[in-house]
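Engineer: Contents of entry_39.pdb (PDB, C-alpha atoms):
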```pdb
MODEL        1
ATOM      1  CA  MET A 814     102.061  72.343  -7.261
ATOM      2  CA  ALA A 815      98.808  73.870  -6.276
ATOM      3  CA  ARG A 816      97.534  73.483  -9.814
ATOM      4  CA  LYS A 817      98.184  69.726  -9.686
ATOM      5  CA  ASN A 818      96.152  69.376  -6.517
ATOM      6  CA  LYS A 819      93.327  71.261  -8.156
ATOM      7  CA  ASP A 820      93.307  68.877 -11.134
ATOM      8  CA  ASN A 821      93.256  65.885  -8.835
ATOM      9  CA  SER A 822      90.285  67.286  -6.928
ATOM     10  CA  SER A 823      88.323  67.775 -10.156
ATOM     11  CA  THR A 824      89.094  64.253 -11.298
ATOM     12  CA  ILE A 825      87.903  62.780  -8.015
ATOM     13  CA  ALA A 826      84.683  64.870  -8.119
ATOM     14  CA  ASP A 827      83.967  63.755 -11.658
ATOM     15  CA  PHE A 828      84.418  60.143 -10.602
ATOM     16  CA  PHE A 829      81.928  60.466  -7.777
ATOM     17  CA  ASP A 830      79.431  62.238 -10.069
ATOM     18  CA  ARG A 831      79.680  59.462 -12.624
ATOM     19  CA  THR A 832      79.338  56.813  -9.967
ATOM     20  CA  ALA A 833      76.245  58.478  -8.485
ATOM     21  CA  ALA A 834      74.713  58.793 -11.962
ATOM     22  CA  ASN A 835      75.372  55.115 -12.644
ATOM     23  CA  LEU A 836      73.783  54.176  -9.352
ATOM     24  CA  ARG A 837      70.791  56.341 -10.111
ATOM     25  CA  GLY A 838      70.484  54.738 -13.521
ATOM     26  CA  SER A 839      70.764  51.289 -12.019
ATOM     27  CA  GLY A 840      68.074  52.217  -9.496
ATOM     28  CA  ASN A 841      65.656  53.249 -12.268
ATOM     29  CA  ALA A 842      66.266  50.011 -14.113
ATOM     30  CA  VAL A 843      65.640  47.998 -10.982
ATOM     31  CA  SER A 844      62.461  49.950 -10.280
ATOM     32  CA  LEU A 845      61.149  49.463 -13.799
ATOM     33  CA  LEU A 846      61.907  45.769 -13.629
ATOM     34  CA  ALA A 847      60.102  45.509 -10.307
ATOM     35  CA  MET A 848      57.096  47.369 -11.651
ATOM     36  CA  ALA A 849      56.960  45.180 -14.736
ATOM     37  CA  SER A 850      57.084  42.096 -12.550
ATOM     38  CA  CYS A 851      54.198  43.401 -10.452
ATOM     39  CA  VAL A 852      52.104  44.110 -13.519
ATOM     40  CA  VAL A 853      52.757  40.641 -14.929
ATOM     41  CA  CYS A 854      51.827  39.054 -11.604
ATOM     42  CA  ALA A 855      48.653  41.163 -11.371
ATOM     43  CA  ILE A 856      47.605  40.186 -14.887
ATOM     44  CA  ALA A 857      48.216  36.535 -14.113
ATOM     45  CA  MET A 858      46.202  36.761 -10.918
ATOM     46  CA  LEU A 859      43.338  38.476 -12.732
ATOM     47  CA  ALA A 860      43.395  35.911 -15.534
ATOM     48  CA  ILE A 861      43.106  33.134 -13.000
ATOM     49  CA  GLY A 862      40.983  34.840 -10.369
ATOM     50  CA  VAL A 863      38.308  36.655 -12.411
ATOM     51  CA  PRO A 864      36.857  33.528 -14.098
ATOM     52  CA  ARG A 865      36.854  31.749 -10.758
ATOM     53  CA  LEU A 866      35.143  34.721  -9.130
ATOM     54  CA  ARG A 867      32.616  34.891 -11.969
ATOM     55  CA  ASN A 868      31.857  31.196 -11.645
ATOM     56  CA  TYR A 869      31.522  31.568  -7.910
ATOM     57  CA  LEU A 870      29.098  34.482  -8.232
ATOM     58  CA  ASN A 871      27.074  32.682 -10.905
ATOM     59  CA  GLU A 872      26.790  29.630  -8.692
ATOM     60  CA  ARG A 873      25.721  31.719  -5.723
ATOM     61  CA  SER A 874      23.194  33.703  -7.816
ATOM     62  CA  PHE A 875      21.703  30.733  -9.700
ATOM     63  CA  VAL A 876      17.900  30.892  -9.811
ATOM     64  CA  GLU A 877      15.617  28.108 -10.967
ATOM     65  CA  ALA A 878      12.688  29.157 -13.156
ATOM     66  CA  GLY A 879      10.247  27.796 -10.598
ATOM     67  CA  ALA A 880      11.644  30.142  -7.962
ATOM     68  CA  VAL A 881      11.365  33.329 -10.053
ATOM     69  CA  THR A 882       9.196  36.004  -8.430
ATOM     70  CA  VAL A 883       7.464  38.966 -10.073
ATOM     71  CA  ARG A 884       6.285  42.056  -8.192
ATOM     72  CA  PHE A 885       4.668  45.247  -9.468
ATOM     73  CA  VAL A 886       5.309  48.772  -8.272
ATOM     74  CA  ASP A 887       1.621  49.696  -8.388
ATOM     75  CA  ALA A 888      -0.754  46.895  -9.372
ATOM     76  CA  PRO A 889      -4.515  47.663  -9.547
ATOM     77  CA  VAL A 890      -6.958  45.958  -7.187
ATOM     78  CA  TRP A 891      -8.535  43.818  -9.907
ATOM     79  CA  PHE A 892      -5.144  42.251 -10.737
ATOM     80  CA  ASP A 893      -5.698  39.323  -8.405
ATOM     81  CA  ARG A 894      -3.553  36.332  -7.459
ATOM     82  CA  THR A 895      -4.718  34.327 -10.452
ATOM     83  CA  ARG A 896      -3.588  36.988 -12.938
ATOM     84  CA  ALA A 897      -0.354  37.547 -11.008
ATOM     85  CA  ALA A 898       0.391  33.803 -11.115
ATOM     86  CA  GLU A 899      -0.188  33.757 -14.880
ATOM     87  CA  ILE A 900       2.264  36.632 -15.373
ATOM     88  CA  ARG A 901       4.844  35.001 -13.109
ATOM     89  CA  ALA A 902       4.603  31.785 -15.138
ATOM     90  CA  LEU A 903       5.092  33.697 -18.411
ATOM     91  CA  VAL A 904       8.183  35.488 -17.110
ATOM     92  CA  ALA A 905       9.630  32.328 -15.543
ATOM     93  CA  THR A 906       9.259  30.441 -18.820
ATOM     94  CA  ALA A 907      10.912  33.279 -20.731
ATOM     95  CA  VAL A 908      13.981  33.624 -18.468
ATOM     96  CA  GLY A 909      14.373  29.932 -17.537
ATOM     97  CA  ASP A 910      17.032  28.670 -15.145
ATOM     98  CA  GLY A 911      20.163  30.774 -14.824
ATOM     99  CA  SER A 912      22.157  33.367 -12.979
ATOM    100  CA  ALA A 913      20.341  36.371 -11.621
ATOM    101  CA  LEU A 914      23.315  38.437 -12.809
ATOM    102  CA  ASP A 915      22.721  37.540 -16.458
ATOM    103  CA  PRO A 916      21.618  40.816 -18.143
ATOM    104  CA  THR A 917      19.695  38.948 -20.852
ATOM    105  CA  ARG A 918      17.148  37.936 -18.216
ATOM    106  CA  LEU A 919      15.892  41.521 -17.982
ATOM    107  CA  VAL A 920      15.397  41.651 -21.746
ATOM    108  CA  ALA A 921      13.562  38.309 -21.781
ATOM    109  CA  ALA A 922      11.321  39.352 -18.885
ATOM    110  CA  ARG A 923      10.396  42.643 -20.567
ATOM    111  CA  GLU A 924       9.548  40.863 -23.829
ATOM    112  CA  ALA A 925       7.303  38.355 -22.042
ATOM    113  CA  LEU A 926       5.458  41.136 -20.230
ATOM    114  CA  THR A 927       4.970  43.090 -23.453
ATOM    115  CA  GLN A 928       3.544  40.104 -25.294
ATOM    116  CA  SER A 929       1.190  39.174 -22.444
ATOM    117  CA  GLY A 930      -1.343  41.803 -23.515
ATOM    118  CA  TRP A 931      -1.997  43.082 -19.993
ATOM    119  CA  PHE A 932       0.142  46.214 -20.328
ATOM    120  CA  SER A 933       0.072  49.224 -22.614
ATOM    121  CA  ALA A 934       3.624  50.153 -21.582
ATOM    122  CA  ILE A 935       6.506  48.616 -19.626
ATOM    123  CA  LYS A 936       8.289  51.509 -17.935
ATOM    124  CA  GLN A 937      11.048  49.598 -16.164
ATOM    125  CA  VAL A 938      12.124  46.065 -15.262
ATOM    126  CA  ARG A 939      14.537  45.791 -12.336
ATOM    127  CA  LEU A 940      16.131  42.912 -10.465
ATOM    128  CA  ASP A 941      14.362  42.156  -7.210
ATOM    129  CA  ASP A 942      15.453  40.144  -4.193
ATOM    130  CA  ASN A 943      16.407  36.485  -4.685
ATOM    131  CA  GLY A 944      16.614  36.738  -8.450
ATOM    132  CA  GLY A 945      13.071  38.035  -8.975
ATOM    133  CA  PHE A 946      11.833  41.039 -10.949
ATOM    134  CA  LEU A 947      10.253  44.331  -9.915
ATOM    135  CA  ILE A 948       8.015  45.740 -12.659
ATOM    136  CA  ASP A 949       6.838  49.292 -13.236
ATOM    137  CA  ALA A 950       4.161  49.063 -15.937
ATOM    138  CA  VAL A 951       0.962  50.681 -17.236
ATOM    139  CA  PHE A 952      -1.917  48.210 -16.991
ATOM    140  CA  ARG A 953      -4.745  47.779 -19.466
ATOM    141  CA  HIS A 954      -7.945  47.749 -17.416
ATOM    142  CA  PRO A 955     -10.778  45.292 -18.178
ATOM    143  CA  PHE A 956     -13.837  47.188 -19.332
ATOM    144  CA  ALA A 957     -16.223  44.899 -21.241
ATOM    145  CA  VAL A 958     -16.500  41.562 -23.012
ATOM    146  CA  VAL A 959     -17.134  40.976 -26.706
ATOM    147  CA  LEU A 960     -19.126  37.883 -27.665
ATOM    148  CA  HIS A 961     -17.945  36.062 -30.757
ATOM    149  CA  ALA A 962     -18.488  32.406 -31.752
ATOM    150  CA  ASN A 963     -19.925  31.546 -28.327
ATOM    151  CA  ARG A 964     -16.888  32.901 -26.491
ATOM    152  CA  GLU A 965     -16.708  36.114 -24.513
ATOM    153  CA  HIS A 966     -13.406  37.953 -24.837
ATOM    154  CA  LEU A 967     -12.296  40.518 -22.272
ATOM    155  CA  VAL A 968     -11.315  43.938 -23.689
ATOM    156  CA  ASP A 969     -10.183  47.267 -22.270
ATOM    157  CA  GLU A 970     -11.862  50.639 -22.843
ATOM    158  CA  ASN A 971     -10.038  51.018 -26.159
ATOM    159  CA  GLY A 972     -11.135  47.619 -27.464
ATOM    160  CA  CYS A 973      -7.736  45.957 -26.996
ATOM    161  CA  ARG A 974      -8.187  42.235 -26.375
ATOM    162  CA  LEU A 975      -6.937  41.053 -23.014
ATOM    163  CA  PRO A 976      -5.655  37.510 -22.374
ATOM    164  CA  ALA A 977      -8.880  36.215 -20.828
ATOM    165  CA  ASP A 978     -11.932  34.628 -22.450
ATOM    166  CA  TRP A 979     -14.714  32.251 -21.486
ATOM    167  CA  ALA A 980     -17.278  30.024 -23.132
ATOM    168  CA  LEU A 981     -20.693  31.669 -23.243
ATOM    169  CA  GLY A 982     -22.242  31.519 -19.777
ATOM    170  CA  GLN A 983     -19.005  30.485 -18.046
ATOM    171  CA  ARG A 984     -17.434  33.819 -17.135
ATOM    172  CA  PRO A 985     -17.600  34.864 -13.464
ATOM    173  CA  SER A 986     -20.582  36.905 -12.348
ATOM    174  CA  GLU A 987     -18.292  39.462 -10.714
ATOM    175  CA  PRO A 988     -17.140  41.942 -11.707
ATOM    176  CA  HIS A 989     -20.112  43.021 -13.819
ATOM    177  CA  TRP A 990     -18.799  43.322 -17.368
ATOM    178  CA  ILE A 991     -21.324  44.279 -20.024
ATOM    179  CA  SER A 992     -21.197  42.141 -23.151
ATOM    180  CA  LEU A 993     -21.071  43.473 -26.705
ATOM    181  CA  VAL A 994     -22.929  40.946 -28.842
ATOM    182  CA  ASN A 995     -23.127  40.344 -32.599
ATOM    183  CA  ALA A 996     -19.821  42.009 -33.452
ATOM    184  CA  THR A 997     -19.040  41.791 -37.151
ATOM    185  CA  SER A 998     -15.269  41.301 -36.847
ATOM    186  CA  PRO A 999     -13.543  38.296 -35.245
ATOM    187  CA  PRO A1000     -11.187  38.764 -32.299
ATOM    188  CA  PRO A1001      -7.711  40.131 -33.083
ATOM    189  CA  GLY A1002      -4.902  37.643 -33.447
ATOM    190  CA  ALA A1003      -2.868  38.484 -30.354
ATOM    191  CA  PRO A1004      -3.651  39.897 -26.917
ATOM    192  CA  GLY A1005      -3.073  43.631 -26.785
ATOM    193  CA  GLU A1006      -4.324  44.226 -30.339
ATOM    194  CA  ARG A1007      -7.424  46.347 -30.892
ATOM    195  CA  TRP A1008     -10.701  44.767 -31.981
ATOM    196  CA  ALA A1009     -11.549  45.885 -35.510
ATOM    197  CA  GLY A1010     -14.942  47.266 -36.525
ATOM    198  CA  ARG A1011     -16.815  50.500 -35.956
ATOM    199  CA  ASP A1012     -19.591  48.567 -34.206
ATOM    200  CA  VAL A1013     -17.329  47.498 -31.331
ATOM    201  CA  ALA A1014     -15.970  51.040 -31.060
ATOM    202  CA  ALA A1015     -19.527  52.412 -30.927
ATOM    203  CA  GLY A1016     -20.547  49.912 -28.261
ATOM    204  CA  LEU A1017     -17.575  50.847 -26.098
ATOM    205  CA  GLU A1018     -18.388  54.534 -26.536
ATOM    206  CA  LEU A1019     -21.913  53.886 -25.267
ATOM    207  CA  LEU A1020     -20.536  51.999 -22.269
ATOM    208  CA  LYS A1021     -18.286  54.944 -21.429
ATOM    209  CA  THR A1022     -21.377  57.175 -21.567
ATOM    210  CA  THR A1023     -23.269  55.023 -19.049
ATOM    211  CA  PHE A1024     -20.232  54.225 -16.889
ATOM    212  CA  GLY A1025     -20.728  55.090 -13.227
ATOM    213  CA  LYS A1026     -24.495  55.495 -13.478
ATOM    214  CA  PRO A1027     -26.436  53.989 -10.540
ATOM    215  CA  TRP A1028     -28.412  51.866 -12.997
ATOM    216  CA  GLU A1029     -25.394  50.650 -14.956
ATOM    217  CA  ARG A1030     -25.652  47.107 -13.547
ATOM    218  CA  GLN A1031     -29.114  46.755 -15.120
ATOM    219  CA  ILE A1032     -27.465  46.633 -18.553
ATOM    220  CA  ALA A1033     -26.648  43.056 -19.511
ATOM    221  CA  ALA A1034     -25.435  43.596 -23.066
ATOM    222  CA  ILE A1035     -25.388  45.876 -26.089
ATOM    223  CA  ASP A1036     -26.642  44.474 -29.385
ATOM    224  CA  LEU A1037     -24.451  45.726 -32.240
ATOM    225  CA  SER A1038     -26.300  43.966 -35.058
ATOM    226  CA  ARG A1039     -28.802  46.803 -35.692
ATOM    227  CA  MET A1040     -26.328  49.684 -35.687
ATOM    228  CA  ASP A1041     -26.874  50.542 -39.350
ATOM    229  CA  GLY A1042     -30.659  50.335 -38.928
ATOM    230  CA  ASP A1043     -32.307  50.885 -35.558
ATOM    231  CA  GLY A1044     -28.981  51.759 -33.968
ATOM    232  CA  LEU A1045     -27.507  50.436 -30.741
ATOM    233  CA  VAL A1046     -29.819  48.426 -28.478
ATOM    234  CA  LEU A1047     -29.354  47.910 -24.749
ATOM    235  CA  LEU A1048     -30.421  44.533 -23.354
ATOM    236  CA  THR A1049     -31.400  44.725 -19.698
ATOM    237  CA  THR A1050     -31.044  42.145 -16.965
ATOM    238  CA  ASN A1051     -34.883  42.077 -16.740
ATOM    239  CA  GLY A1052     -35.293  40.916 -20.323
ATOM    240  CA  GLY A1053     -36.137  44.364 -21.651
ATOM    241  CA  PHE A1054     -34.760  46.330 -24.591
ATOM    242  CA  ILE A1055     -33.752  49.976 -24.835
ATOM    243  CA  MET A1056     -33.505  51.415 -28.326
ATOM    244  CA  TRP A1057     -30.627  53.847 -27.907
ATOM    245  CA  GLY A1058     -30.066  54.704 -31.570
ATOM    246  CA  TYR A1059     -26.994  56.423 -32.971
ATOM    247  CA  PRO A1060     -23.656  56.040 -31.152
ATOM    248  CA  PRO A1061     -23.183  58.726 -28.471
ATOM    249  CA  ASP A1062     -20.431  60.497 -30.383
ATOM    250  CA  VAL A1063     -22.636  61.007 -33.465
ATOM    251  CA  GLU A1064     -24.328  64.398 -33.482
ATOM    252  CA  THR A1065     -27.578  64.493 -35.463
ATOM    253  CA  THR A1066     -30.887  66.340 -35.472
ATOM    254  CA  ALA A1067     -32.724  63.081 -36.168
ATOM    255  CA  GLU A1068     -32.472  62.006 -32.516
ATOM    256  CA  PRO A1069     -32.219  63.665 -29.096
ATOM    257  CA  PRO A1070     -28.682  64.229 -27.791
ATOM    258  CA  LYS A1071     -27.137  61.686 -25.464
ATOM    259  CA  THR A1072     -27.670  63.998 -22.476
ATOM    260  CA  ALA A1073     -31.445  63.865 -23.038
ATOM    261  CA  LYS A1074     -31.392  60.072 -23.393
ATOM    262  CA  LEU A1075     -29.430  59.693 -20.169
ATOM    263  CA  ARG A1076     -31.781  62.069 -18.382
ATOM    264  CA  ASN A1077     -34.790  59.980 -19.431
ATOM    265  CA  LEU A1078     -33.138  56.827 -18.099
ATOM    266  CA  ASP A1079     -32.358  58.626 -14.839
ATOM    267  CA  VAL A1080     -36.015  59.629 -14.462
ATOM    268  CA  LEU A1081     -37.274  56.117 -15.180
ATOM    269  CA  PHE A1082     -34.840  54.607 -12.705
ATOM    270  CA  ALA A1083     -35.755  57.131 -10.020
ATOM    271  CA  SER A1084     -39.504  56.547 -10.449
ATOM    272  CA  THR A1085     -39.671  52.789 -11.094
ATOM    273  CA  GLY A1086     -36.287  51.412 -10.045
ATOM    274  CA  HIS A1087     -35.778  50.078 -13.554
ATOM    275  CA  ILE A1088     -34.433  51.663 -16.716
ATOM    276  CA  ASP A1089     -36.687  49.432 -18.845
ATOM    277  CA  ASN A1090     -39.859  50.357 -16.947
ATOM    278  CA  GLY A1091     -40.062  47.005 -15.213
ATOM    279  CA  GLY A1092     -38.806  44.473 -17.747
ATOM    280  CA  GLY A1093     -40.416  42.740 -20.674
ATOM    281  CA  ARG A1094     -40.736  46.065 -22.459
ATOM    282  CA  VAL A1095     -39.108  48.008 -25.249
ATOM    283  CA  LEU A1096     -38.123  51.568 -24.396
ATOM    284  CA  ASP A1097     -37.425  53.784 -27.405
ATOM    285  CA  LEU A1098     -35.161  56.764 -26.676
ATOM    286  CA  ARG A1099     -34.815  57.876 -30.288
ATOM    287  CA  THR A1100     -37.645  60.388 -30.117
ATOM    288  CA  ASP A1101     -38.112  63.540 -28.047
ATOM    289  CA  VAL A1102     -40.792  61.764 -26.010
ATOM    290  CA  PRO A1103     -39.657  58.210 -25.170
ATOM    291  CA  SER A1104     -42.182  55.493 -25.923
ATOM    292  CA  VAL A1105     -42.702  52.154 -24.167
ATOM    293  CA  ARG A1106     -44.239  49.018 -25.627
ATOM    294  CA  LEU A1107     -44.357  45.365 -24.645
ATOM    295  CA  VAL A1108     -41.759  43.020 -26.072
ATOM    296  CA  SER A1109     -44.634  40.809 -27.263
ATOM    297  CA  ASP A1110     -45.760  43.685 -29.511
ATOM    298  CA  GLU A1111     -42.343  43.851 -31.172
ATOM    299  CA  ALA A1112     -42.145  42.414 -34.689
ATOM    300  CA  PRO A1113     -40.032  39.217 -34.824
ATOM    301  CA  ARG A1114     -36.366  39.793 -35.677
TER
ENDMDL
END
```
Let me see the structure of the file written as structure tokens.

Structural biologist:
Amino acid sequence: MARKNKDNSSTIADFFDRTAANLRGSGNAVSLLAMASCVVCAIAMLAIGVPRLRNYLNERSFVEAGAVTVRFVDAPVWFDRTRAAEIRALVATAVGDGSALDPTRLVAAREALTQSGWFSAIKQVRLDDNGGFLIDAVFRHPFAVVLHANREHLVDENGCRLPADWALGQRPSEPHWISLVNATSPPPGAPGERWAGRDVAAGLELLKTTFGKPWERQIAAIDLSRMDGDGLVLLTTNGGFIMWGYPPDVETTAEPPKTAKLRNLDVLFASTGHIDNGGGRVLDLRTDVPSVRLVSDEAPR
């Protein structure tokens, strides 16, 4: 009798175990179904909501080309409002109307800045407030002008053409840029490209030699046409001529070194106030003892 009761107890326990297992299994199925439903709903909401959110953001971030702003991290003093306005116009034309969140705008802005010719390197282009751009760039600095076909083209110290030129006699009087005249090669095709010709390179080297001298502003131009004969010739603002000779980076025993030539000009300036001994004269620095003669005594050239 006791054995029968024991069998009944086991049967009842097995029943409850099976029932609990079935309930647990049913619970897992319900949970999985609920999770799947949530995922489907989330996907549906994203499919509907993301495009609407994107459209909303694009509408709120829309920038017209005319409203595009351009700022520089560290712009030099000479980069005035006129130059800044020119750069802004170039960038605005390149990016056009559109969303400030469009990543292609950064690429278009960088390309426009690179092609402008004003920069030797574009370090970084970032989005600025109100859909503008903040630029970190390395500027090319104006250093001289090269005269060709009655137009004076602005160049940097390396001879790279900058995007500024004037008809002869029309460029501003300030700042004082010395003109390289009678260059053999025409201007390069695009801003930012280097002017070809050893004569332009020699003229720029001479300007670097005289840069910062107290009498620098008395130099009006450098004549490159005699470089293979008499050498480089300085034209002064007084109408005088200074026969410099070989380019400063050429070492030769035929002429005094550049340090001696500069010293002679320093002495003349200190004693007379003029590096051409008063104007209307030709000063020849190509000999150990400089000589001075009147321009009227010079043979016609």

Engineer: What do you get, as a VMD selection string, if you spell out every residue that the PyMOL selection byres ((chain A and resi 959) around 12) selects here?

Structural biologist: chain A and resid 955 to 958 960 to 970 972 to 975 977 to 981 984 990 to 1001 1007 to 1010 1012 to 1014 1016 to 1017 1034 to 1037

Engineer: Keeping C-alpha atoms, export the residues of the selection given above as a PDB file, in the frame of the given file.

Structural biologist:
```pdb
ATOM      1  CA  PRO A 955     -10.778  45.292 -18.178  1.00  0.00           C
ATOM      2  CA  PHE A 956     -13.837  47.188 -19.332  1.00  0.00           C
ATOM      3  CA  ALA A 957     -16.223  44.899 -21.241  1.00  0.00           C
ATOM      4  CA  VAL A 958     -16.500  41.562 -23.012  1.00  0.00           C
ATOM      5  CA  LEU A 960     -19.126  37.883 -27.665  1.00  0.00           C
ATOM      6  CA  HIS A 961     -17.945  36.062 -30.757  1.00  0.00           C
ATOM      7  CA  ALA A 962     -18.488  32.406 -31.752  1.00  0.00           C
ATOM      8  CA  ASN A 963     -19.925  31.546 -28.327  1.00  0.00           C
ATOM      9  CA  ARG A 964     -16.888  32.901 -26.491  1.00  0.00           C
ATOM     10  CA  GLU A 965     -16.708  36.114 -24.513  1.00  0.00           C
ATOM     11  CA  HIS A 966     -13.406  37.953 -24.837  1.00  0.00           C
ATOM     12  CA  LEU A 967     -12.296  40.518 -22.272  1.00  0.00           C
ATOM     13  CA  VAL A 968     -11.315  43.938 -23.689  1.00  0.00           C
ATOM     14  CA  ASP A 969     -10.183  47.267 -22.270  1.00  0.00           C
ATOM     15  CA  GLU A 970     -11.862  50.639 -22.843  1.00  0.00           C
ATOM     16  CA  GLY A 972     -11.135  47.619 -27.464  1.00  0.00           C
ATOM     17  CA  CYS A 973      -7.736  45.957 -26.996  1.00  0.00           C
ATOM     18  CA  ARG A 974      -8.187  42.235 -26.375  1.00  0.00           C
ATOM     19  CA  LEU A 975      -6.937  41.053 -23.014  1.00  0.00           C
ATOM     20  CA  ALA A 977      -8.880  36.215 -20.828  1.00  0.00           C
ATOM     21  CA  ASP A 978     -11.932  34.628 -22.450  1.00  0.00           C
ATOM     22  CA  TRP A 979     -14.714  32.251 -21.486  1.00  0.00           C
ATOM     23  CA  ALA A 980     -17.278  30.024 -23.132  1.00  0.00           C
ATOM     24  CA  LEU A 981     -20.693  31.669 -23.243  1.00  0.00           C
ATOM     25  CA  ARG A 984     -17.434  33.819 -17.135  1.00  0.00           C
ATOM     26  CA  TRP A 990     -18.799  43.322 -17.368  1.00  0.00           C
ATOM     27  CA  ILE A 991     -21.324  44.279 -20.024  1.00  0.00           C
ATOM     28  CA  SER A 992     -21.197  42.141 -23.151  1.00  0.00           C
ATOM     29  CA  LEU A 993     -21.071  43.473 -26.705  1.00  0.00           C
ATOM     30  CA  VAL A 994     -22.929  40.946 -28.842  1.00  0.00           C
ATOM     31  CA  ASN A 995     -23.127  40.344 -32.599  1.00  0.00           C
ATOM     32  CA  ALA A 996     -19.821  42.009 -33.452  1.00  0.00           C
ATOM     33  CA  THR A 997     -19.040  41.791 -37.151  1.00  0.00           C
ATOM     34  CA  SER A 998     -15.269  41.301 -36.847  1.00  0.00           C
ATOM     35  CA  PRO A 999     -13.543  38.296 -35.245  1.00  0.00           C
ATOM     36  CA  PRO A1000     -11.187  38.764 -32.299  1.00  0.00           C
ATOM     37  CA  PRO A1001      -7.711  40.131 -33.083  1.00  0.00           C
ATOM     38  CA  ARG A1007      -7.424  46.347 -30.892  1.00  0.00           C
ATOM     39  CA  TRP A1008     -10.701  44.767 -31.981  1.00  0.00           C
ATOM     40  CA  ALA A1009     -11.549  45.885 -35.510  1.00  0.00           C
ATOM     41  CA  GLY A1010     -14.942  47.266 -36.525  1.00  0.00           C
ATOM     42  CA  ASP A1012     -19.591  48.567 -34.206  1.00  0.00           C
ATOM     43  CA  VAL A1013     -17.329  47.498 -31.331  1.00  0.00           C
ATOM     44  CA  ALA A1014     -15.970  51.040 -31.060  1.00  0.00           C
ATOM     45  CA  GLY A1016     -20.547  49.912 -28.261  1.00  0.00           C
ATOM     46  CA  LEU A1017     -17.575  50.847 -26.098  1.00  0.00           C
ATOM     47  CA  ALA A1034     -25.435  43.596 -23.066  1.00  0.00           C
ATOM     48  CA  ILE A1035     -25.388  45.876 -26.089  1.00  0.00           C
ATOM     49  CA  ASP A1036     -26.642  44.474 -29.385  1.00  0.00           C
ATOM     50  CA  LEU A1037     -24.451  45.726 -32.240  1.00  0.00           C
TER      51      LEU A1037
END
```

Engineer: Distance atom CA of Val1080 of chain A-atom CA of Ala1033 of chain A, one decimal place?

Structural biologist: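 Going from atom CA of Val1080 of chain A over to atom CA of Ala1033 of chain A covers 19.7 Å.
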
Engineer: Please evaluate the PyMOL selection byres ((chain A and resi 1063-1070) around 12) against the displayed coordinates and give the resulting residues as a ChimeraX atom specification.

Structural biologist: /A:1015,1018-1019,1022,1043-1045,1056-1062,1071-1077,1097-1103

Engineer: Pull the closest atom pair for each residue of segment 932-990 of chain A that gets at most 8 Å from segment 882-902 of chain A, along with the distance in Å to one decimal, counting all atoms listed in the file, ordering rows by chain and then ascending residue number, as a Markdown table.

Structural biologist:
```
| residue | atom | partner | partner_atom | distance |
| --- | --- | --- | --- | --- |
| A:Gly944 | CA | A:Thr882 | CA | 7.5 |
| A:Gly945 | CA | A:Thr882 | CA | 4.4 |
| A:Phe946 | CA | A:Val883 | CA | 4.9 |
| A:Leu947 | CA | A:Arg884 | CA | 4.9 |
| A:Ile948 | CA | A:Phe885 | CA | 4.7 |
| A:Asp949 | CA | A:Val886 | CA | 5.2 |
| A:Ala950 | CA | A:Phe885 | CA | 7.5 |
| A:Phe952 | CA | A:Ala888 | CA | 7.8 |
```

Engineer: Restricting the calculation to all atoms listed in the file, which member of A:Pro976, A:Ser986, A:Leu1096, A:Pro1027 is positioned closest to Gln928 of chain A?

Structural biologist: A:Pro976

Engineer: Can you tell me how far atom CA of Gly1052 of chain A sits from atom CA of Ile1032 of chain A, in Å to one decimal?

Structural biologist: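 Taking atom CA of Gly1052 of chain A as the start and atom CA of Ile1032 of chain A as the end point, the length is 9.9 Å.
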
Engineer: Would you pick out the contacts of Gln1031 of chain A at 12 Å or less, using only C-alpha atoms, so that residues sharing its chain but fewer than 6 positions from it are not included, and give the list as a list in words?

Structural biologist: His989, Trp990, Ile991, Thr1023, Phe1024, Gly1025, Leu1047, Leu1048, Thr1049, Thr1050, Asn1051, Gly1052, Gly1053, Phe1054, Ile1055, Leu1078, Phe1082, Gly1086, His1087, Ile1088, Asp1089, Asn1090, Gly1091 and Gly1092 of chain A

Engineer: When distances are computed from only C-alpha atoms, which of A:Ala922, A:Leu1020, A:Val1095, A:Ile935 shows the smallest separation from Gly909 of chain A?

Structural biologist: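 Ranked by minimum distance to Gly909 of chain A, first place goes to A:Ala922.
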